[in-house]
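Coordinates from my_file17.cif are shown below (mmCIF, C-alpha atoms).
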```
data_model
loop_
_atom_site.label_atom_id
_atom_site.label_comp_id
_atom_site.auth_asym_id
_atom_site.auth_seq_id
_atom_site.Cartn_x
_atom_site.Cartn_y
_atom_site.Cartn_z
CA MET A 8 18.19 -9.75 26.45
CA ILE A 9 17.01 -6.93 24.24
CA ASP A 10 13.24 -6.96 23.78
CA LEU A 11 12.18 -5.85 20.30
CA CYS A 12 8.69 -7.24 19.90
CA SER A 13 7.14 -8.83 22.97
CA ASP A 14 4.41 -6.25 22.35
CA LYS A 15 3.41 -6.91 18.74
CA ASN A 16 1.55 -3.62 18.59
CA THR A 17 4.90 -1.81 18.51
CA CYS A 18 6.59 -3.68 15.62
CA CYS A 19 5.78 -2.96 11.98
CA GLY A 20 8.01 -5.77 10.67
CA CYS A 21 10.16 -3.57 8.43
CA GLY A 22 13.42 -5.45 9.14
CA ALA A 23 15.56 -2.35 9.73
CA CYS A 24 16.79 -3.83 13.01
CA LYS A 25 18.08 -6.82 11.05
CA SER A 26 19.81 -4.52 8.56
CA ILE A 27 21.58 -2.46 11.23
CA CYS A 28 22.86 -5.35 13.35
CA PRO A 29 26.71 -5.46 13.11
CA LYS A 30 26.84 -9.13 14.15
CA LEU A 31 23.99 -10.43 11.95
CA ALA A 32 22.32 -11.60 15.14
CA ILE A 33 18.78 -10.73 14.04
CA SER A 34 16.58 -12.67 11.66
CA MET A 35 12.96 -12.08 10.66
CA LYS A 36 10.71 -15.01 11.51
CA ASN A 37 7.00 -15.65 11.09
CA ASP A 38 4.79 -15.98 14.11
CA GLU A 39 2.01 -18.58 14.24
CA TYR A 40 -0.22 -16.42 12.03
CA GLY A 41 2.41 -15.64 9.39
CA TYR A 42 3.41 -12.12 10.50
CA LYS A 43 7.15 -11.32 10.52
CA TYR A 44 8.93 -10.28 13.71
CA PRO A 45 12.63 -9.94 14.60
CA ASN A 46 14.32 -12.81 16.41
CA ILE A 47 17.65 -12.26 18.24
CA ASP A 48 20.31 -14.95 18.44
CA SER A 49 21.62 -14.51 21.99
CA LYS A 50 24.91 -16.21 21.08
CA LEU A 51 25.71 -13.53 18.50
CA CYS A 52 24.18 -10.47 20.14
CA ILE A 53 26.67 -8.05 21.75
CA GLU A 54 23.89 -5.83 23.18
CA CYS A 55 24.97 -2.71 21.33
CA HIS A 56 21.28 -1.68 21.27
CA LEU A 57 21.49 -0.32 17.71
CA CYS A 58 18.38 -2.32 16.87
CA GLU A 59 16.41 -0.51 19.55
CA LYS A 60 17.71 2.90 18.53
CA ILE A 61 16.91 2.30 14.86
CA CYS A 62 13.25 1.46 15.49
CA ALA A 63 11.27 4.41 14.18
CA PHE A 64 7.94 2.83 15.10
CA LYS A 65 8.93 3.03 18.76
CA ASN A 66 11.07 6.17 18.74
CA THR A 67 9.65 8.59 16.16
CA SER A 68 7.59 11.37 17.69
CA ILE A 69 4.30 12.42 16.14
CA SER A 70 2.66 15.83 16.33
CA ASN A 71 -0.58 17.33 15.00
CA LYS A 72 1.28 19.08 12.18
CA LYS A 73 -0.61 19.47 8.89
CA PRO A 74 0.85 19.27 5.36
CA LEU A 75 2.29 22.47 3.90
CA ARG A 76 0.15 22.27 0.76
CA SER A 77 -2.50 20.00 -0.75
CA TYR A 78 -3.20 19.24 -4.41
CA LEU A 79 -5.26 17.06 -6.69
CA ALA A 80 -3.26 15.55 -9.52
CA ILE A 81 -3.89 13.68 -12.79
CA ASN A 82 -1.10 12.27 -14.95
CA ILE A 83 -1.20 13.59 -18.53
CA ASP A 84 0.25 10.33 -19.92
CA THR A 85 -2.72 8.01 -20.57
CA LYS A 86 -0.62 4.85 -20.26
CA ASP A 87 0.83 5.88 -16.90
CA LEU A 88 -2.62 6.95 -15.70
CA LEU A 89 -4.22 3.60 -16.55
CA ASN A 90 -1.39 1.65 -14.91
CA SER A 91 -1.81 3.64 -11.70
CA ALA A 92 -4.18 2.95 -8.82
CA SER A 93 -5.44 6.54 -8.71
CA GLY A 94 -4.35 9.64 -10.67
CA GLY A 95 -0.78 8.63 -11.48
CA ALA A 96 1.01 11.21 -9.32
CA PHE A 97 3.66 8.66 -8.33
CA ALA A 98 4.40 7.80 -11.98
CA ALA A 99 4.78 11.48 -12.87
CA ILE A 100 7.28 12.14 -10.08
CA ALA A 101 9.13 8.92 -10.86
CA LYS A 102 9.41 9.78 -14.55
CA PHE A 103 10.82 13.20 -13.68
CA VAL A 104 13.42 11.63 -11.36
CA LEU A 105 14.37 9.01 -13.97
CA ASN A 106 14.73 11.72 -16.63
CA ASN A 107 17.18 13.43 -14.30
CA ASN A 108 19.39 10.35 -13.85
CA GLY A 109 17.83 9.21 -10.60
CA VAL A 110 16.58 5.83 -9.40
CA ILE A 111 13.22 4.81 -7.97
CA VAL A 112 12.71 2.51 -4.98
CA GLY A 113 9.28 0.97 -4.54
CA CYS A 114 7.18 -2.16 -4.20
CA ALA A 115 6.99 -4.74 -7.00
CA TRP A 116 5.84 -8.35 -7.41
CA ASN A 117 8.78 -10.75 -7.68
CA ASN A 118 8.83 -13.95 -9.75
CA GLU A 119 7.01 -15.82 -6.98
CA LEU A 120 4.27 -13.17 -6.86
CA LYS A 121 5.49 -11.83 -3.55
CA PRO A 122 5.89 -8.08 -2.97
CA GLU A 123 9.35 -6.72 -2.29
CA HIS A 124 11.02 -3.34 -2.49
CA ILE A 125 13.30 -3.05 -5.50
CA LEU A 126 15.09 -0.24 -7.32
CA ILE A 127 14.72 0.66 -11.00
CA ASP A 128 16.71 3.07 -13.13
CA ASN A 129 14.69 3.16 -16.38
CA TYR A 130 11.17 4.04 -17.46
CA GLU A 131 10.61 0.64 -19.09
CA ASN A 132 10.47 -0.97 -15.63
CA LEU A 133 8.35 1.70 -13.96
CA TYR A 134 5.19 -0.36 -14.45
CA LYS A 135 6.51 -2.86 -11.88
CA LEU A 136 6.18 -0.26 -9.12
CA GLN A 137 2.78 1.07 -10.20
CA GLY A 138 -0.50 -0.07 -8.72
CA SER A 139 -1.47 -1.14 -5.22
CA LYS A 140 -0.17 -4.32 -3.60
CA TYR A 141 -2.40 -5.14 -0.65
CA VAL A 142 0.31 -7.15 1.11
CA GLN A 143 3.31 -6.18 3.26
CA SER A 144 6.39 -5.88 1.08
CA ASP A 145 9.83 -7.22 1.97
CA THR A 146 12.17 -4.34 2.87
CA GLU A 147 14.90 -6.28 4.66
CA LYS A 148 17.59 -5.56 2.02
CA ILE A 149 16.50 -2.26 0.53
CA PHE A 150 17.62 0.02 3.38
CA LYS A 151 21.28 -0.92 2.89
CA GLU A 152 20.99 -0.64 -0.89
CA THR A 153 19.35 2.78 -0.66
CA LYS A 154 22.00 4.08 1.75
CA GLN A 155 24.79 2.95 -0.56
CA LEU A 156 23.16 4.73 -3.51
CA LEU A 157 22.94 7.93 -1.48
CA ILE A 158 26.55 7.64 -0.33
CA ASN A 159 27.45 7.36 -4.03
CA LYS A 160 25.61 10.66 -4.66
CA LYS A 161 22.79 9.03 -6.64
CA LYS A 162 19.39 10.75 -6.70
CA VAL A 163 16.82 8.45 -5.08
CA PHE A 164 13.04 8.59 -4.96
CA PHE A 165 11.90 6.18 -2.21
CA THR A 166 8.23 5.24 -1.85
CA GLY A 167 6.47 3.02 0.65
CA THR A 168 4.08 2.85 3.56
CA PRO A 169 4.50 5.56 6.23
CA CYS A 170 6.31 3.16 8.58
CA GLN A 171 8.72 2.12 5.80
CA VAL A 172 9.55 5.74 4.94
CA ALA A 173 9.99 6.67 8.61
CA GLU A 174 12.21 3.65 9.13
CA LEU A 175 14.41 4.50 6.15
CA LYS A 176 15.01 7.97 7.55
CA GLN A 177 15.80 6.55 10.98
CA TYR A 178 18.16 4.00 9.43
CA LEU A 179 20.03 6.62 7.39
CA GLY A 180 20.63 8.74 10.47
CA LYS A 181 20.83 11.99 8.50
CA ASP A 182 19.12 13.85 5.69
CA TYR A 183 20.38 13.64 2.12
CA ASN A 184 19.60 16.49 -0.27
CA HIS A 185 19.35 14.03 -3.16
CA LEU A 186 16.80 11.79 -1.40
CA LEU A 187 13.08 12.33 -2.04
CA THR A 188 10.53 10.26 -0.13
CA ALA A 189 6.82 9.64 -0.56
CA ASP A 190 4.56 7.75 1.81
CA ILE A 191 1.12 6.45 0.88
CA ILE A 192 -2.18 6.87 2.68
CA CYS A 193 -2.05 3.33 4.01
CA HIS A 194 -5.03 1.14 4.95
CA GLY A 195 -2.77 -1.43 6.63
CA VAL A 196 -1.00 -4.59 5.48
CA PRO A 197 -1.76 -8.34 5.56
CA ASN A 198 1.16 -10.77 5.51
CA ILE A 199 2.73 -12.70 2.67
CA GLU A 200 1.77 -16.12 4.03
CA ILE A 201 -1.97 -15.41 3.96
CA PHE A 202 -1.74 -13.83 0.51
CA SER A 203 0.30 -16.72 -0.94
CA SER A 204 -2.17 -19.24 0.46
CA TYR A 205 -4.97 -17.26 -1.23
CA ILE A 206 -3.15 -17.49 -4.57
CA LYS A 207 -2.67 -21.25 -4.12
CA TRP A 208 -6.37 -21.62 -3.25
CA PHE A 209 -7.30 -19.71 -6.41
CA GLU A 210 -4.98 -21.86 -8.55
CA ASP A 211 -6.22 -25.13 -7.06
CA LYS A 212 -9.83 -24.12 -7.46
CA ARG A 213 -9.45 -23.22 -11.14
CA LYS A 214 -6.57 -25.58 -11.97
CA CYS A 215 -4.56 -22.68 -13.36
CA LYS A 216 -1.38 -20.64 -12.86
CA VAL A 217 -1.76 -17.08 -11.54
CA LEU A 218 0.41 -14.66 -13.49
CA ASN A 219 -0.49 -11.30 -11.96
CA VAL A 220 -2.72 -9.64 -9.37
CA ASN A 221 -3.98 -6.10 -9.87
CA PHE A 222 -5.94 -4.87 -6.88
CA ARG A 223 -7.01 -1.71 -8.71
CA ASP A 224 -7.82 -2.57 -12.32
CA LYS A 225 -9.23 0.33 -14.37
CA CYS A 226 -9.76 -1.59 -17.61
CA LYS A 227 -13.43 -2.45 -17.11
CA LEU A 228 -15.01 0.16 -14.86
CA GLY A 229 -12.33 2.82 -14.52
CA TRP A 230 -11.23 4.27 -11.16
CA SER A 231 -12.79 2.18 -8.40
CA SER A 232 -12.10 -0.53 -5.82
CA ILE A 233 -12.16 -3.33 -8.37
CA GLY A 234 -9.26 -5.67 -8.98
CA SER A 235 -8.34 -8.52 -11.28
CA ILE A 236 -6.33 -11.73 -11.38
CA THR A 237 -4.62 -12.72 -14.61
CA TYR A 238 -4.03 -16.46 -14.95
CA GLN A 239 -3.08 -19.12 -17.48
CA LYS A 240 -5.25 -22.19 -18.07
CA ASN A 241 -5.02 -24.67 -20.94
CA ASN A 242 -2.42 -22.43 -22.62
CA LYS A 243 -4.86 -19.51 -22.62
CA ILE A 244 -4.47 -16.24 -20.71
CA LYS A 245 -7.62 -15.24 -18.83
CA LYS A 246 -8.63 -12.49 -16.42
CA GLN A 247 -10.93 -12.76 -13.40
CA ILE A 248 -12.44 -9.57 -11.98
CA ILE A 249 -12.37 -9.39 -8.17
CA LEU A 250 -14.66 -7.22 -6.06
CA TYR A 251 -14.15 -6.69 -2.34
CA ASN A 252 -17.66 -7.84 -1.40
CA GLU A 253 -17.41 -11.02 -3.47
CA ASN A 254 -13.80 -12.13 -2.95
CA PRO A 255 -12.58 -13.59 0.39
CA TYR A 256 -9.08 -12.08 0.40
CA TYR A 257 -10.21 -8.68 -0.86
CA TYR A 258 -13.05 -8.60 1.68
CA LEU A 259 -10.82 -9.53 4.63
CA PHE A 260 -8.31 -6.85 3.61
CA GLU A 261 -10.91 -4.14 2.98
CA TYR A 262 -12.56 -4.62 6.37
CA GLY A 263 -9.27 -5.08 8.23
CA PHE A 264 -9.54 -8.70 9.38
CA ILE A 265 -6.02 -9.76 8.32
CA LEU A 266 -3.81 -6.74 9.00
CA ARG A 267 -0.79 -7.03 11.30
CA ASP A 268 -1.23 -5.96 14.95
CA SER A 269 0.72 -2.72 14.57
CA CYS A 270 -1.62 -1.48 11.83
CA TYR A 271 -4.46 -1.12 14.34
CA ASN A 272 -2.15 1.04 16.46
CA CYS A 273 -0.36 2.88 13.66
CA LYS A 274 1.14 6.14 14.88
CA TYR A 275 1.45 7.38 11.27
CA ALA A 276 -2.30 7.31 10.57
CA CYS A 277 -2.52 11.06 11.09
CA SER A 278 -1.77 14.39 9.43
CA ASP A 279 1.88 14.45 10.53
CA ARG A 280 3.45 12.60 7.60
CA LYS A 281 7.07 11.44 7.40
CA GLY A 282 7.53 11.52 3.64
CA ASP A 283 8.39 14.67 1.71
CA ILE A 284 5.17 13.90 -0.16
CA THR A 285 2.09 11.84 0.68
CA LEU A 286 0.19 10.08 -2.11
CA GLY A 287 -3.29 8.57 -2.15
CA ASP A 288 -6.72 8.55 -3.76
CA PHE A 289 -8.76 11.74 -3.81
CA TRP A 290 -11.99 9.98 -2.91
CA GLY A 291 -15.06 12.21 -3.06
CA VAL A 292 -13.41 14.64 -5.47
CA GLU A 293 -16.67 14.94 -7.45
CA LYS A 294 -18.27 16.80 -4.53
CA TYR A 295 -15.75 19.63 -4.78
CA TYR A 296 -14.86 19.56 -8.49
CA PRO A 297 -17.94 18.26 -10.37
CA GLU A 298 -16.55 19.53 -13.67
CA LEU A 299 -13.45 17.33 -13.39
CA ASP A 300 -13.13 14.10 -15.39
CA LYS A 301 -12.41 11.58 -12.64
CA SER A 302 -13.16 8.45 -14.65
CA LYS A 303 -9.53 7.30 -14.84
CA GLY A 304 -8.52 8.38 -11.34
CA VAL A 305 -7.49 11.42 -9.32
CA SER A 306 -4.57 11.51 -6.90
CA ALA A 307 -4.46 13.30 -3.58
CA LEU A 308 -1.02 14.84 -3.20
CA LEU A 309 0.12 16.30 0.11
CA VAL A 310 3.35 18.27 0.35
CA ASN A 311 5.02 17.92 3.74
CA THR A 312 8.44 19.54 3.21
CA ASN A 313 10.07 22.27 1.16
CA LYS A 314 11.93 19.56 -0.74
CA GLY A 315 8.59 18.05 -1.73
CA GLN A 316 7.30 21.41 -2.92
CA GLU A 317 10.40 21.99 -5.04
CA ILE A 318 9.69 18.77 -6.95
CA ILE A 319 6.00 19.61 -7.47
CA GLU A 320 6.92 22.90 -9.10
CA LYS A 321 8.95 21.01 -11.73
CA LEU A 322 6.17 18.64 -12.85
CA LYS A 323 4.16 20.86 -15.21
CA ASP A 324 5.11 18.73 -18.22
CA TYR A 325 4.08 15.51 -16.49
CA ILE A 326 0.88 16.16 -14.57
CA ILE A 327 -2.24 18.28 -14.18
CA ILE A 328 -2.02 19.66 -10.66
CA ILE A 329 -4.58 21.87 -8.90
CA PRO A 330 -4.27 23.34 -5.38
CA THR A 331 -7.01 22.17 -3.04
CA LYS A 332 -7.92 22.19 0.65
CA TYR A 333 -6.48 19.58 2.99
CA LYS A 334 -9.86 19.06 4.62
CA TYR A 335 -11.30 17.90 1.27
CA ILE A 336 -8.74 15.09 1.15
CA GLU A 337 -8.88 14.26 4.86
CA GLU A 338 -12.68 14.06 4.85
CA ASN A 339 -12.66 10.92 2.69
CA ASN A 340 -9.39 9.37 3.90
CA ASP A 341 -9.81 8.20 7.48
CA ARG A 342 -6.21 6.98 7.67
CA LEU A 343 -5.17 10.64 7.76
CA LYS A 344 -7.06 10.88 11.06
CA TYR A 345 -6.75 7.56 12.89
CA PRO A 346 -5.76 3.92 12.33
CA LEU A 347 -8.31 1.31 11.40
CA LYS A 348 -10.02 -0.11 14.47
CA GLN A 349 -9.34 -3.80 14.95
CA PRO A 350 -12.53 -5.75 14.08
CA LYS A 351 -13.87 -7.85 16.93
CA ASP A 352 -13.73 -11.00 14.76
CA ARG A 353 -10.15 -10.46 13.59
CA LYS A 354 -8.68 -13.20 15.79
CA ILE A 355 -11.37 -15.62 14.63
CA TRP A 356 -10.37 -15.13 10.99
CA VAL A 357 -6.61 -15.45 11.50
CA LYS A 358 -7.12 -18.54 13.68
CA CYS A 359 -9.35 -19.95 10.95
CA TRP A 360 -6.46 -19.49 8.50
CA LYS A 361 -3.96 -21.01 10.94
CA THR A 362 -6.00 -24.18 11.49
CA GLY A 363 -7.35 -24.78 7.98
CA GLY A 364 -5.46 -22.56 5.55
CA PHE A 365 -7.22 -20.45 2.97
CA ASP A 366 -9.55 -23.30 2.01
CA GLN A 367 -11.20 -22.98 5.40
CA VAL A 368 -11.18 -19.18 5.23
CA ALA A 369 -12.95 -19.27 1.86
CA ARG A 370 -15.58 -21.75 3.08
CA LYS A 371 -16.27 -19.55 6.10
CA PHE A 372 -16.50 -16.45 3.91
CA TYR A 373 -18.89 -17.88 1.34
CA LYS A 374 -21.08 -19.36 4.06
CA GLU A 375 -21.29 -16.35 6.37
CA LYS A 376 -21.26 -13.56 3.77
CA ARG A 377 -23.60 -15.11 1.21
CA ASN A 378 -26.17 -12.31 1.59
CA ILE A 379 -23.51 -9.64 1.09
CA ILE A 380 -22.19 -11.49 -1.97
CA LEU A 381 -25.71 -11.87 -3.41
CA ILE A 382 -26.54 -8.17 -2.97
CA SER A 383 -23.21 -7.19 -4.56
CA LYS A 384 -23.85 -9.40 -7.59
CA ILE A 385 -27.38 -8.04 -8.02
CA LYS A 386 -26.10 -4.45 -7.89
CA ARG A 387 -23.34 -5.26 -10.33
CA ASN A 388 -25.76 -6.68 -12.91
CA ILE A 389 -28.37 -3.93 -12.79
CA PRO A 390 -28.11 -1.81 -15.99
CA LYS A 391 -26.72 1.67 -15.42
CA GLY A 392 -29.90 3.38 -16.66
CA LEU A 393 -32.03 1.42 -14.23
CA LYS A 394 -29.62 2.21 -11.38
CA ASN A 395 -30.00 5.93 -12.06
CA SER A 396 -33.80 5.61 -12.13
CA ILE A 397 -33.78 3.78 -8.77
CA LYS A 398 -31.56 6.47 -7.24
CA LYS A 399 -33.96 9.19 -8.44
CA ILE A 400 -36.95 7.36 -6.97
CA ILE A 401 -35.20 6.85 -3.62
CA SER A 402 -34.12 10.50 -3.43
CA PHE A 403 -37.70 11.58 -4.24
CA LEU A 404 -39.22 9.31 -1.57
CA PHE A 405 -36.76 10.08 1.19
#
```

How does the structure come out when it is put into structure tokens?
Amino acid sequence: MIDLCSDKNTCCGCGACKSICPKLAISMKNDEYGYKYPNIDSKLCIECHLCEKICAFKNTSISNKKPLRSYLAINIDTKDLLNSASGGAFAAIAKFVLNNNGVIVGCAWNNELKPEHILIDNYENLYKLQGSKYVQSDTEKIFKETKQLLINKKKVFFTGTPCQVAELKQYLGKDYNHLLTADIICHGVPNIEIFSSYIKWFEDKRKCKVLNVNFRDKCKLGWSSIGSITYQKNNKIKKQIILYNENPYYYLFEYGFILRDSCYNCKYACSDRKGDITLGDFWGVEKYYPELDKSKGVSALLVNTNKGQEIIEKLKDYIIIIPTKYKYIEENNDRLKYPLKQPKDRKIWVKCWKTGGFDQVARKFYKEKRNIILISKIKRNIPKGLKNSIKKIISFLF
């Protein structure tokens, strides 16, 4: 039998092997901790080995190549900028492609609040693809749909994690001039089962219905690692701010306790990127450009191919773009250098979820991290003027 995933470190769960199988012999099934892996029906399999050949995570070679050019970028459309996780570079490129009769493929929440890759062909739906979704998206169907669009000569802008972009290219088998790809600087992905159980826990705790999750909400404090949950209770719409040091799901994601096995061994966490463009946050930008207004977010934009550069040169009406040094971006984005190291307690947390669901995870979090939560709340409630005074005193003393 063909062995696709006996070593879980070598499977990113993209589902391309399922899409390529001519006999529909492969299905994606959850393991005991909720992570998806391919399962082969031996009665249907003809051992053509297409599934093995299509696996980019196993077969794609990685070098120490650096991006061709590096930029910082800020969307000039205030609405698009506020709806974006960072500086709105993705929205600017997407709007350009849409204005030139193209389609966009990216990650959106579906009606069940689960992330999946969809395609859109109008600006009115662009908001669905904006913002960060800290969960692995479902890409099982989108590779076939994208290939058919390209065969039909449609311009396509495909965005996703580095492994999803690499897998699309492997699946297509050839380059298309009218395909543009962008990968993100990816922290890693938890699975849908853990996320959905978190949403249920939140709803049960507050006796409400969750309507939306925004892991990077700029409405209150601008560009930062602060999220929000919008929910309905007693016919009223409310919003709960979530901070990574005070929220169990956000904390476990931020510190890497619930990522899939392959994320800790990600071959794409390096400078050799597979998208035509790489998008992410330009963390630390104030050190290099103190005069820049970063309050609403700044994107890091890496150009990896000539095709990517051609698009950038056409965006002057959509975005403020300034050439910068790659080392400025890399310095504050570790996933451009190496994958996140698996925390020593990772197995303890996922086993906790397996045995007691998110209720047990939350109890463990609030019990063990109470000091971290308390310090975070104290910091959050200190007036800004007092914070600045404390910083000045500390810098003077030390």

Check which residues satisfy the PyMOL selection byres ((chain A and resi 252) around 7) in the file shown, then give them as a list of chain:residue names.
A:Leu250, A:Tyr251, A:Glu253, A:Asn254, A:Tyr258, A:Ile379, A:Ile380, A:Ser383

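The interatomic distance for the pair atom CA of A:Tyr44 and atom CA of A:Ser13 works out to 9.5 Å.
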
Under the PyMOL selection byres ((chain A and resi 349) around 9), which residues of this model are included? Write them out as an MDAnalysis selection string.
chainID A and resid 263:264 266 268 270:272 346:348 350:353

Would you kindly return, as a list in words, each protein, DNA or RNA residue with an atom no farther than 9 Å from any atom of A:Val163, considering only C-alpha atoms and excluding same-chain residues fewer than 4 positions away?
Val104, Gly109, Val110, Ile111, Val112, Thr153, Leu156, Leu157, His185, Leu186, Leu187 and Thr188 of chain A

Target residues per the PyMOL selection byres ((chain A and resi 54) around 12), formatted as a PyMOL selection string:
chain A and resi 8-10+28-30+32-33+47-53+55-60

Selection file, C-alpha atoms, as a CSV table (one decimal), in the coordinates of the input:
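Writing the result to part.csv gives the following:
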```csv
chain,number,residue,atom,x,y,z
A,8,MET,CA,18.2,-9.8,26.4
A,9,ILE,CA,17.0,-6.9,24.2
A,10,ASP,CA,13.2,-7.0,23.8
A,28,CYS,CA,22.9,-5.4,13.4
A,29,PRO,CA,26.7,-5.5,13.1
A,30,LYS,CA,26.8,-9.1,14.2
A,32,ALA,CA,22.3,-11.6,15.1
A,33,ILE,CA,18.8,-10.7,14.0
A,47,ILE,CA,17.6,-12.3,18.2
A,48,ASP,CA,20.3,-15.0,18.4
A,49,SER,CA,21.6,-14.5,22.0
A,50,LYS,CA,24.9,-16.2,21.1
A,51,LEU,CA,25.7,-13.5,18.5
A,52,CYS,CA,24.2,-10.5,20.1
A,53,ILE,CA,26.7,-8.0,21.8
A,55,CYS,CA,25.0,-2.7,21.3
A,56,HIS,CA,21.3,-1.7,21.3
A,57,LEU,CA,21.5,-0.3,17.7
A,58,CYS,CA,18.4,-2.3,16.9
A,59,GLU,CA,16.4,-0.5,19.6
A,60,LYS,CA,17.7,2.9,18.5
```

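Of note, atom CA of A:Gly282 and atom CA of A:Thr331 are spaced 19.2 Å apart.
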
Name the residues in contact with stretch 301-303 of chain A at a cut-off of 10 Å, using all atoms listed in the file, excluding same-chain residues fewer than 4 positions from it; report them as number ranges by chain.
A: 81-82, 85, 88-95, 225-226, 228-231, 289-293, 296-297

Please write as a PyMOL selection string the list of polymer residues whose atoms come within 6 Å of (-0.2, 19.1, 10.3), counting all atoms listed in the file and keeping to the coordinates of the file.
chain A and resi 71-74+278-279

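When atom CA of A:Ile27 is paired with atom CA of A:Lys148, their separation reads 10.5 Å.
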
When you look at A:Asp283 with a cut-off of 9 Å (counting all atoms listed in the file), what residues show up, excluding the ones that are within fewer than 2 positions of it in the same chain? I need them as number ranges by chain.
A: 187-190, 280-281, 285, 309-316

Excluding A:Gln143 and any residue of its chain fewer than 4 positions from it, enumerate the residues within 8 Å of it, using all atoms listed in the file, and give them as an MDAnalysis selection string.
chainID A and resid 122 196:199

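Using all atoms listed in the file, the smallest distance between any of A:Leu75, A:Leu381, A:Cys193, A:Met35 and A:Pro169 comes from A:Cys193.
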
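Of the listed residues (A:Leu179, A:Lys140, A:Trp356, A:Lys121), A:Leu179 comes nearest to A:Gln155; the distances count only C-alpha atoms.
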
Could you pull the residues within 8 Å of stretch 317-330 of chain A, counting all atoms listed in the file, minus those fewer than 2 positions along the same chain, as a PyMOL selection string?
chain A and resi 76-84+96+99-100+103+313-315+332
